[in-house]
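Trainee: structure.tsv (TSV, C-alpha atoms) pasted underneath:
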```tsv
chain	number	residue	atom	x	y	z
J	172	GLU	CA	11.44	25.60	-7.49
J	173	ILE	CA	11.27	21.99	-6.31
J	174	VAL	CA	7.88	21.10	-4.85
J	175	ASP	CA	7.38	18.04	-2.65
J	176	PRO	CA	4.33	16.17	-3.96
J	177	ILE	CA	1.24	15.53	-1.88
J	178	PHE	CA	-0.43	12.39	-3.16
J	179	TYR	CA	-4.19	12.51	-3.56
J	180	TYR	CA	-5.63	9.02	-3.98
J	181	LEU	CA	-8.82	7.98	-5.73
J	182	LEU	CA	-10.87	4.89	-4.88
J	183	ILE	CA	-12.92	3.65	-7.82
J	184	THR	CA	-15.90	1.30	-7.79
J	185	THR	CA	-17.52	0.45	-11.10
J	186	THR	CA	-20.38	-1.87	-12.00
J	187	ILE	CA	-20.21	-3.24	-15.53
J	188	ASN	CA	-23.28	-4.48	-17.39
J	189	TYR	CA	-22.16	-6.59	-20.33
J	190	ASP	CA	-23.67	-8.94	-22.90
J	191	PRO	CA	-22.19	-12.44	-22.44
J	192	VAL	CA	-23.42	-13.49	-25.89
J	193	THR	CA	-21.31	-10.94	-27.76
J	194	LEU	CA	-18.35	-11.21	-25.39
J	195	LEU	CA	-15.59	-13.05	-27.26
J	196	THR	CA	-13.50	-13.74	-24.17
J	197	SER	CA	-14.44	-14.56	-20.56
J	198	GLU	CA	-15.86	-12.45	-17.76
J	199	ASN	CA	-12.57	-12.65	-15.86
J	200	THR	CA	-10.62	-11.55	-18.93
J	201	LEU	CA	-12.96	-8.61	-19.48
J	202	LYS	CA	-12.67	-7.65	-15.82
J	203	SER	CA	-8.87	-7.70	-16.09
J	204	GLU	CA	-9.00	-5.57	-19.25
J	205	ILE	CA	-11.21	-3.00	-17.51
J	206	ASP	CA	-8.76	-2.87	-14.62
J	207	THR	CA	-6.01	-2.21	-17.16
J	208	SER	CA	-8.05	0.56	-18.80
J	209	ILE	CA	-8.46	2.29	-15.45
J	210	THR	CA	-4.82	1.83	-14.46
J	211	ASN	CA	-3.61	3.09	-17.84
J	212	TYR	CA	-5.72	6.23	-17.47
J	213	PHE	CA	-3.90	7.08	-14.26
J	214	THR	CA	-0.50	6.18	-15.68
J	215	THR	CA	-0.98	8.15	-18.90
J	216	ASP	CA	-3.18	11.09	-17.94
J	217	LEU	CA	-2.49	11.58	-14.23
J	218	GLN	CA	0.26	10.83	-11.69
J	219	LYS	CA	2.06	14.09	-12.44
J	220	PHE	CA	1.67	17.72	-11.43
J	221	ASP	CA	-1.11	19.90	-12.89
J	222	GLN	CA	-3.15	17.00	-14.27
J	223	LYS	CA	-6.92	17.19	-13.75
J	224	PHE	CA	-9.05	14.10	-13.20
J	225	ARG	CA	-12.01	14.05	-15.57
J	226	TYR	CA	-14.79	11.67	-14.65
J	227	SER	CA	-16.19	11.53	-18.19
J	228	VAL	CA	-12.81	10.54	-19.62
J	229	LEU	CA	-12.45	7.66	-17.17
J	230	THR	CA	-15.96	6.33	-17.78
J	231	LYS	CA	-15.47	6.53	-21.55
J	232	LYS	CA	-12.26	4.51	-21.30
J	233	ILE	CA	-14.09	1.91	-19.22
J	234	ASP	CA	-17.00	1.67	-21.68
J	235	ASN	CA	-14.67	1.48	-24.69
J	236	THR	CA	-12.72	-1.47	-23.28
J	237	ASP	CA	-14.91	-3.97	-25.13
J	238	SER	CA	-17.96	-3.74	-27.40
J	239	ALA	CA	-19.75	-6.27	-25.16
J	240	ILE	CA	-20.04	-3.63	-22.43
J	241	ARG	CA	-23.56	-2.23	-22.50
J	242	ASN	CA	-23.11	0.39	-19.80
J	243	SER	CA	-21.28	1.09	-16.57
J	244	LYS	CA	-21.84	2.99	-13.35
J	245	THR	CA	-18.77	4.36	-11.60
J	246	SER	CA	-18.46	5.99	-8.19
J	247	LEU	CA	-15.50	7.63	-6.49
J	248	LYS	CA	-14.08	8.24	-3.08
J	249	TYR	CA	-11.18	10.57	-2.33
J	250	GLN	CA	-8.39	9.55	0.01
J	251	MET	CA	-5.50	11.34	1.68
J	252	TRP	CA	-2.93	9.97	4.09
J	253	ILE	CA	-2.07	11.32	7.53
J	254	THR	CA	1.53	10.32	8.21
J	255	PRO	CA	2.70	11.29	11.70
J	256	VAL	CA	6.41	12.08	11.88
J	257	THR	CA	6.34	10.74	15.43
J	258	LEU	CA	3.49	8.77	16.99
J	259	ALA	CA	2.17	9.82	20.41
J	260	THR	CA	3.06	13.42	19.58
J	261	VAL	CA	0.52	16.22	19.24
J	262	SER	CA	0.43	17.79	15.76
J	263	THR	CA	-1.96	19.66	13.48
J	264	TYR	CA	-2.71	18.27	10.01
J	265	THR	CA	-4.37	19.98	7.05
J	266	MET	CA	-5.74	18.18	3.99
J	267	GLU	CA	-7.12	19.90	0.91
J	268	PHE	CA	-9.52	17.73	-1.09
J	269	ASN	CA	-10.23	20.84	-3.18
J	270	ASN	CA	-13.73	19.69	-4.09
J	271	PRO	CA	-17.18	19.68	-2.48
J	272	VAL	CA	-17.55	16.75	-0.09
J	273	THR	CA	-20.70	14.88	0.95
J	274	LYS	CA	-21.71	15.55	4.54
J	275	GLY	CA	-21.25	12.61	6.87
J	276	SER	CA	-18.91	10.75	4.50
J	277	ILE	CA	-15.59	11.01	6.34
J	278	SER	CA	-14.07	7.78	7.58
J	279	SER	CA	-10.53	6.63	8.26
J	280	THR	CA	-8.46	3.59	8.99
J	281	SER	CA	-8.15	2.99	12.70
J	282	PHE	CA	-5.64	4.08	15.31
J	283	THR	CA	-5.27	3.96	19.07
J	284	ALA	CA	-5.33	6.96	21.39
J	285	SER	CA	-3.76	7.61	24.78
J	286	ASP	CA	-6.51	5.65	26.55
J	287	GLY	CA	-5.60	2.48	24.66
J	288	ASN	CA	-8.89	2.30	22.76
J	289	THR	CA	-9.24	2.12	18.98
J	290	TYR	CA	-10.79	4.99	17.03
J	291	SER	CA	-11.66	6.17	13.54
J	292	LEU	CA	-12.04	9.76	12.31
J	293	ILE	CA	-15.71	10.38	11.50
J	294	ASP	CA	-17.59	13.64	10.84
J	295	ASP	CA	-20.98	14.53	12.28
J	296	SER	CA	-22.49	16.03	9.08
J	297	ALA	CA	-22.19	19.49	10.69
J	298	GLY	CA	-18.50	20.05	9.95
J	299	VAL	CA	-17.05	18.55	13.14
J	300	ILE	CA	-14.66	15.57	13.08
J	301	LYS	CA	-14.42	13.32	16.12
J	302	ASN	CA	-12.34	10.34	17.17
J	303	THR	CA	-15.09	7.73	17.23
J	304	LYS	CA	-14.52	4.48	19.12
J	305	ILE	CA	-14.63	1.23	17.18
J	306	THR	CA	-14.65	-2.36	18.41
J	307	SER	CA	-13.69	-5.25	16.11
J	308	GLY	CA	-13.83	-2.87	13.16
J	309	VAL	CA	-17.35	-1.62	13.91
J	310	VAL	CA	-18.34	1.80	15.28
J	311	ASP	CA	-19.73	1.47	18.80
J	312	SER	CA	-23.47	2.04	19.19
J	313	PRO	CA	-24.29	4.38	20.77
J	314	ALA	CA	-21.25	6.30	19.57
J	315	VAL	CA	-18.40	6.88	22.01
J	316	TYR	CA	-15.95	9.74	21.40
J	317	PHE	CA	-12.43	10.34	22.64
J	318	THR	CA	-12.18	13.29	25.02
J	319	LEU	CA	-9.25	15.62	24.39
J	320	PRO	CA	-7.23	17.17	27.25
J	321	ASP	CA	-9.28	20.38	26.98
J	322	GLY	CA	-12.48	18.40	27.65
J	323	SER	CA	-13.71	18.67	24.06
J	324	THR	CA	-14.55	15.81	21.70
J	325	THR	CA	-13.85	17.94	18.61
J	326	GLN	CA	-10.70	16.66	16.90
J	327	GLY	CA	-11.05	18.72	13.74
J	328	THR	CA	-13.26	20.40	11.17
J	329	ILE	CA	-14.21	20.03	7.53
J	330	ASP	CA	-15.47	22.67	5.13
J	331	TYR	CA	-17.85	20.66	2.94
J	332	THR	CA	-17.78	23.26	0.17
J	333	THR	CA	-14.01	23.42	-0.30
J	334	GLY	CA	-13.09	20.00	1.08
J	335	LYS	CA	-10.56	21.46	3.52
J	336	VAL	CA	-9.91	19.30	6.59
J	337	VAL	CA	-8.01	20.50	9.66
J	338	LEU	CA	-7.14	18.15	12.53
J	339	SER	CA	-5.96	20.15	15.53
J	340	ASN	CA	-3.78	18.64	18.26
J	341	PHE	CA	-4.16	15.18	16.76
J	342	ASN	CA	-2.28	12.56	18.76
J	343	PRO	CA	-2.51	8.95	17.52
J	344	TYR	CA	-0.46	6.48	19.55
J	345	THR	CA	-0.40	3.56	17.11
J	346	ILE	CA	-1.80	2.85	13.65
J	347	THR	CA	-3.83	-0.33	13.84
J	348	ASP	CA	-3.02	-1.84	10.44
J	349	GLY	CA	0.73	-1.57	11.06
J	350	THR	CA	1.37	0.96	8.27
J	351	THR	CA	2.85	4.42	8.74
J	352	SER	CA	-0.26	6.34	7.68
J	353	ILE	CA	-3.89	6.80	8.65
J	354	ARG	CA	-5.99	6.89	5.49
J	355	MET	CA	-8.89	9.33	5.40
J	356	ASN	CA	-11.68	8.74	2.88
J	357	VAL	CA	-14.40	11.15	1.77
J	358	THR	CA	-17.16	10.93	-0.82
J	359	PRO	CA	-17.49	13.75	-3.37
J	360	GLU	CA	-20.77	15.45	-4.08
J	361	THR	CA	-22.34	13.52	-6.94
J	362	ASN	CA	-22.81	16.63	-9.08
J	363	ASN	CA	-19.09	17.43	-9.18
J	364	GLN	CA	-16.76	14.47	-9.73
J	365	ASP	CA	-13.96	16.13	-11.71
J	366	ILE	CA	-10.91	17.04	-9.64
J	367	THR	CA	-8.54	19.94	-10.16
J	368	PRO	CA	-5.54	19.32	-7.88
J	369	LEU	CA	-3.66	22.03	-6.08
J	370	ARG	CA	-0.18	22.92	-7.33
J	371	GLU	CA	1.64	20.42	-5.13
J	372	GLN	CA	-0.90	17.59	-5.46
J	373	ILE	CA	-0.60	14.51	-7.66
J	374	LEU	CA	-3.69	12.44	-8.38
J	375	THR	CA	-3.07	8.71	-8.28
J	376	VAL	CA	-4.38	5.29	-7.27
J	377	ASP	CA	-2.73	3.10	-4.65
J	378	SER	CA	-1.59	-0.04	-6.46
J	379	THR	CA	-0.99	-1.81	-3.13
J	380	ASP	CA	-4.61	-1.40	-2.01
J	381	SER	CA	-6.92	-4.20	-3.16
J	382	THR	CA	-9.94	-1.93	-2.58
J	383	ALA	CA	-8.60	0.95	-4.70
J	384	ILE	CA	-10.22	-0.41	-7.87
J	385	VAL	CA	-13.34	-2.53	-7.40
J	386	ILE	CA	-15.03	-3.93	-10.51
J	387	ASN	CA	-18.45	-5.61	-10.25
J	388	MET	CA	-19.51	-7.63	-13.29
J	389	VAL	CA	-23.18	-8.10	-14.25
J	390	ALA	CA	-24.09	-10.36	-17.18
J	391	GLU	CA	-27.09	-8.93	-19.02
J	392	THR	CA	-28.33	-11.03	-21.91
J	393	ILE	CA	-30.40	-9.23	-24.52
J	394	ILE	CA	-33.53	-11.22	-25.35
```
Write the structure described by the file as structure tokens, please.

Mentor:
Amino acid sequence: EIVDPIFYYLLITTTINYDPVTLLTSENTLKSEIDTSITNYFTTDLQKFDQKFRYSVLTKKIDNTDSAIRNSKTSLKYQMWITPVTLATVSTYTMEFNNPVTKGSISSTSFTASDGNTYSLIDDSAGVIKNTKITSGVVDSPAVYFTLPDGSTTQGTIDYTTGKVVLSNFNPYTITDGTTSIRMNVTPETNNQDITPLREQILTVDSTDSTAIVINMVAETII
């Protein structure tokens, strides 16, 4: 049976503490080598069906990049794409992050609604997702929510235990960044960072996104 893949993206931020005295190259070279270590992990171990992401494997590959690395701290976000077949058309979308998700961590790239305003998908820490108005890339304060035709401001729900997201009657008119997809980000619970994908999911990193892999370098001389 041929299964159409659903791509499940990871966003990685890592802070590297290294000893500049024992480093035989430059900071920029080390940073590039760490980026390669991360990219190679995805190319070799993931990006195909039935491949589990293991946090400990990734962090070990980062730390083993160079003996000058003293330690590292790596955090993740999960990302899935909402790709409307036709804009300005009501549809229901389901996303399975298949992992516990931190309450209040949902965000998305922006889109416009039928009223012409710009919104982002944000959850309220109680399992409800709303279209939340943003101006110049910043969430309005106090928060302003889009009102659906039924009078509700509830656009969808999230089960924080399973990571299942359902957007009901979602109707974006345009996607602000000019791409074909709205990108939804969530933060995993810190005590469970391994990911077992569903049968049709492929874990990957978006090579076109400059924020997909962020490496912060900290020189730490041993006295």

Trainee: Pick from J:Met266, J:Ala284, J:Leu201, J:Val261: nearest to Thr345 of chain J, with all atoms listed in the file counted?

Mentor: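 Closest residue, counting all atoms listed in the file: J:Ala284.
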
Trainee: Please identify all polymer residues within 9 Å of Asn269 of chain J, counting all atoms listed in the file, omitting same-chain residues fewer than 5 positions from it, and present them as number ranges by chain.

Mentor: J: 332-335, 366-369

Trainee: Selection from above, C-alpha atoms, as a short mmCIF file (atom, residue, chain, number, x, y, z; two decimals), keeping the file's coordinate frame, can you write it?

Mentor:
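And here's result_37.cif as it stands now:
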```
data_model
loop_
_atom_site.label_atom_id
_atom_site.label_comp_id
_atom_site.auth_asym_id
_atom_site.auth_seq_id
_atom_site.Cartn_x
_atom_site.Cartn_y
_atom_site.Cartn_z
CA THR J 332 -17.78 23.26 0.17
CA THR J 333 -14.01 23.42 -0.30
CA GLY J 334 -13.09 20.00 1.08
CA LYS J 335 -10.56 21.46 3.52
CA ILE J 366 -10.91 17.04 -9.64
CA THR J 367 -8.54 19.94 -10.16
CA PRO J 368 -5.54 19.32 -7.88
CA LEU J 369 -3.66 22.03 -6.08
#
```

Trainee: Smallest atom-to-atom distance to Gln218 of chain J: which of J:Thr375, J:Ser291, J:Thr273, J:Ser307, using only C-alpha atoms?

Mentor: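 Of J:Thr375, J:Ser291, J:Thr273, J:Ser307, the one nearest Gln218 of chain J is J:Thr375, counting only C-alpha atoms.
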
Trainee: Taking (-10.5, 4.2, -12.4) as a centre in this file's frame and 9 Å as the limit, can you find every polymer residue with an atom that close, using all atoms listed in the file, and give them as a tab-separated table (two decimals) with C-alpha atoms, in the frame of the given file?

Mentor:
```tsv
chain	number	residue	atom	x	y	z
J	181	LEU	CA	-8.82	7.98	-5.73
J	182	LEU	CA	-10.87	4.89	-4.88
J	183	ILE	CA	-12.92	3.65	-7.82
J	184	THR	CA	-15.90	1.30	-7.79
J	185	THR	CA	-17.52	0.45	-11.10
J	205	ILE	CA	-11.21	-3.00	-17.51
J	206	ASP	CA	-8.76	-2.87	-14.62
J	208	SER	CA	-8.05	0.56	-18.80
J	209	ILE	CA	-8.46	2.29	-15.45
J	210	THR	CA	-4.82	1.83	-14.46
J	211	ASN	CA	-3.61	3.09	-17.84
J	212	TYR	CA	-5.72	6.23	-17.47
J	213	PHE	CA	-3.90	7.08	-14.26
J	226	TYR	CA	-14.79	11.67	-14.65
J	229	LEU	CA	-12.45	7.66	-17.17
J	230	THR	CA	-15.96	6.33	-17.78
J	233	ILE	CA	-14.09	1.91	-19.22
J	245	THR	CA	-18.77	4.36	-11.60
J	247	LEU	CA	-15.50	7.63	-6.49
J	376	VAL	CA	-4.38	5.29	-7.27
J	383	ALA	CA	-8.60	0.95	-4.70
J	384	ILE	CA	-10.22	-0.41	-7.87
J	385	VAL	CA	-13.34	-2.53	-7.40
```

Trainee: List the spatial neighbours of Phe268 of chain J as number ranges by chain - criterion: any atom at most 12 Å away, all atoms listed in the file, same-chain residues fewer than 5 positions off excluded.

Mentor: J: 177-181, 248-252, 273, 277, 329-337, 355-360, 364-369, 372-374

Trainee: Which of these, J:Ile393, J:Ile293, J:Val315, J:Val309, has the shortest distance to Val192 of chain J once you count all atoms listed in the file?

Mentor: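 Checking each candidate against Val192 of chain J, we get J:Ile393 as the closest.
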
Trainee: Give me the box for segment 382-391 of chain J as AutoDock Vina command-line options, namely the centre and edge lengths in Å to one decimal of a box along x, y and z that holds every listed atom plus 4 Å on each side.

Mentor:
```
--center_x -17.8 --center_y -4.7 --center_z -10.8 --size_x 26.5 --size_y 19.3 --size_z 24.4
```

Trainee: Tell me, as a PyMOL selection string, which residues lie within 12 Å of Ser285 of chain J, counting all atoms listed in the file; anything in the same chain fewer than 6 positions away does not count.

Mentor: chain J and resi 258-261+302+317-320+341-345

Trainee: So, counting all atoms listed in the file, which residue among J:Ile187, J:Ala239, J:Ile305, J:Ile253 is closest to Thr350 of chain J?

Mentor: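 Nearest to Thr350 of chain J: J:Ile253.
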
Trainee: Which residue, J:Asn242, J:Ser276, J:Ser352, J:Ser281, has the smallest gap to Val310 of chain J when you use only C-alpha atoms?

Mentor: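 For Val310 of chain J, the nearest of the given residues is J:Ser281.
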
Trainee: So that I can check the surroundings of Gly275 of chain J, please list as a list in words every protein, DNA and RNA residue that reaches within 6 Å of it, counting only C-alpha atoms and ignoring chain neighbours fewer than 3 positions away.

Mentor: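 Surrounding residues, per the criterion: Asp294, Asp295 and Ser296 of chain J.
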
Trainee: Kindly output segment 326-359 of chain J as a compact mmCIF listing (two decimals), in the coordinates of the input, after building N, CA and C atoms.

Mentor:
```txt
# COMPACT_ATOMS: atom_id res chain seq x y z
N GLN J 326 -12.08 16.87 17.32
CA GLN J 326 -10.70 16.66 16.90
C GLN J 326 -10.33 17.55 15.71
N GLY J 327 -11.34 17.90 14.91
CA GLY J 327 -11.05 18.72 13.74
C GLY J 327 -12.32 19.21 13.08
N THR J 328 -12.13 19.84 11.92
CA THR J 328 -13.26 20.40 11.17
C THR J 328 -13.10 20.10 9.69
N ILE J 329 -14.23 20.12 8.98
CA ILE J 329 -14.21 20.03 7.53
C ILE J 329 -15.13 21.09 6.96
N ASP J 330 -14.65 21.75 5.91
CA ASP J 330 -15.47 22.67 5.13
C ASP J 330 -16.01 21.85 3.96
N TYR J 331 -17.30 21.55 3.97
CA TYR J 331 -17.85 20.66 2.94
C TYR J 331 -17.84 21.29 1.55
N THR J 332 -17.78 22.59 1.47
CA THR J 332 -17.78 23.26 0.17
C THR J 332 -16.41 23.19 -0.50
N THR J 333 -15.36 23.42 0.27
CA THR J 333 -14.01 23.42 -0.30
C THR J 333 -13.29 22.08 -0.13
N GLY J 334 -13.76 21.26 0.81
CA GLY J 334 -13.09 20.00 1.08
C GLY J 334 -11.86 20.14 1.96
N LYS J 335 -11.72 21.26 2.66
CA LYS J 335 -10.56 21.46 3.52
C LYS J 335 -10.80 20.83 4.89
N VAL J 336 -9.85 19.98 5.30
CA VAL J 336 -9.91 19.30 6.59
C VAL J 336 -8.76 19.78 7.46
N VAL J 337 -9.05 20.13 8.69
CA VAL J 337 -8.01 20.50 9.66
C VAL J 337 -8.20 19.64 10.91
N LEU J 338 -7.16 18.90 11.28
CA LEU J 338 -7.14 18.15 12.53
C LEU J 338 -6.21 18.87 13.49
N SER J 339 -6.75 19.37 14.57
CA SER J 339 -5.96 20.15 15.53
C SER J 339 -5.56 19.28 16.72
N ASN J 340 -4.28 19.38 17.09
CA ASN J 340 -3.78 18.64 18.26
C ASN J 340 -4.09 17.15 18.18
N PHE J 341 -3.89 16.60 16.99
CA PHE J 341 -4.16 15.18 16.76
C PHE J 341 -3.00 14.36 17.30
N ASN J 342 -3.32 13.28 18.03
CA ASN J 342 -2.28 12.56 18.76
C ASN J 342 -2.50 11.04 18.74
N PRO J 343 -2.37 10.41 17.56
CA PRO J 343 -2.51 8.95 17.52
C PRO J 343 -1.30 8.27 18.15
N TYR J 344 -1.55 7.20 18.89
CA TYR J 344 -0.46 6.48 19.55
C TYR J 344 0.07 5.34 18.69
N THR J 345 -0.80 4.61 18.05
CA THR J 345 -0.40 3.56 17.11
C THR J 345 -1.37 3.57 15.95
N ILE J 346 -0.93 3.01 14.82
CA ILE J 346 -1.80 2.85 13.65
C ILE J 346 -2.12 1.37 13.55
N THR J 347 -3.39 1.04 13.61
CA THR J 347 -3.83 -0.33 13.84
C THR J 347 -3.37 -1.31 12.78
N ASP J 348 -3.36 -0.89 11.50
CA ASP J 348 -3.02 -1.84 10.44
C ASP J 348 -1.51 -2.02 10.26
N GLY J 349 -0.72 -1.37 11.10
CA GLY J 349 0.73 -1.57 11.06
C GLY J 349 1.46 -0.75 10.02
N THR J 350 0.73 0.09 9.25
CA THR J 350 1.37 0.96 8.27
C THR J 350 1.82 2.24 8.96
N THR J 351 2.37 3.15 8.18
CA THR J 351 2.85 4.42 8.74
C THR J 351 1.86 5.56 8.57
N SER J 352 0.69 5.27 7.97
CA SER J 352 -0.26 6.34 7.68
C SER J 352 -1.68 5.94 8.05
N ILE J 353 -2.45 6.94 8.49
CA ILE J 353 -3.89 6.80 8.65
C ILE J 353 -4.52 7.31 7.36
N ARG J 354 -5.39 6.52 6.78
CA ARG J 354 -5.99 6.89 5.49
C ARG J 354 -7.39 7.45 5.71
N MET J 355 -7.59 8.68 5.27
CA MET J 355 -8.89 9.33 5.40
C MET J 355 -9.62 9.30 4.07
N ASN J 356 -10.85 8.80 4.08
CA ASN J 356 -11.68 8.74 2.88
C ASN J 356 -12.85 9.71 2.99
N VAL J 357 -13.20 10.32 1.85
CA VAL J 357 -14.40 11.15 1.77
C VAL J 357 -15.09 10.84 0.45
N THR J 358 -16.38 11.13 0.40
CA THR J 358 -17.16 10.93 -0.82
C THR J 358 -17.45 12.29 -1.44
N PRO J 359 -17.19 12.46 -2.73
CA PRO J 359 -17.49 13.75 -3.37
C PRO J 359 -18.98 13.94 -3.56
```
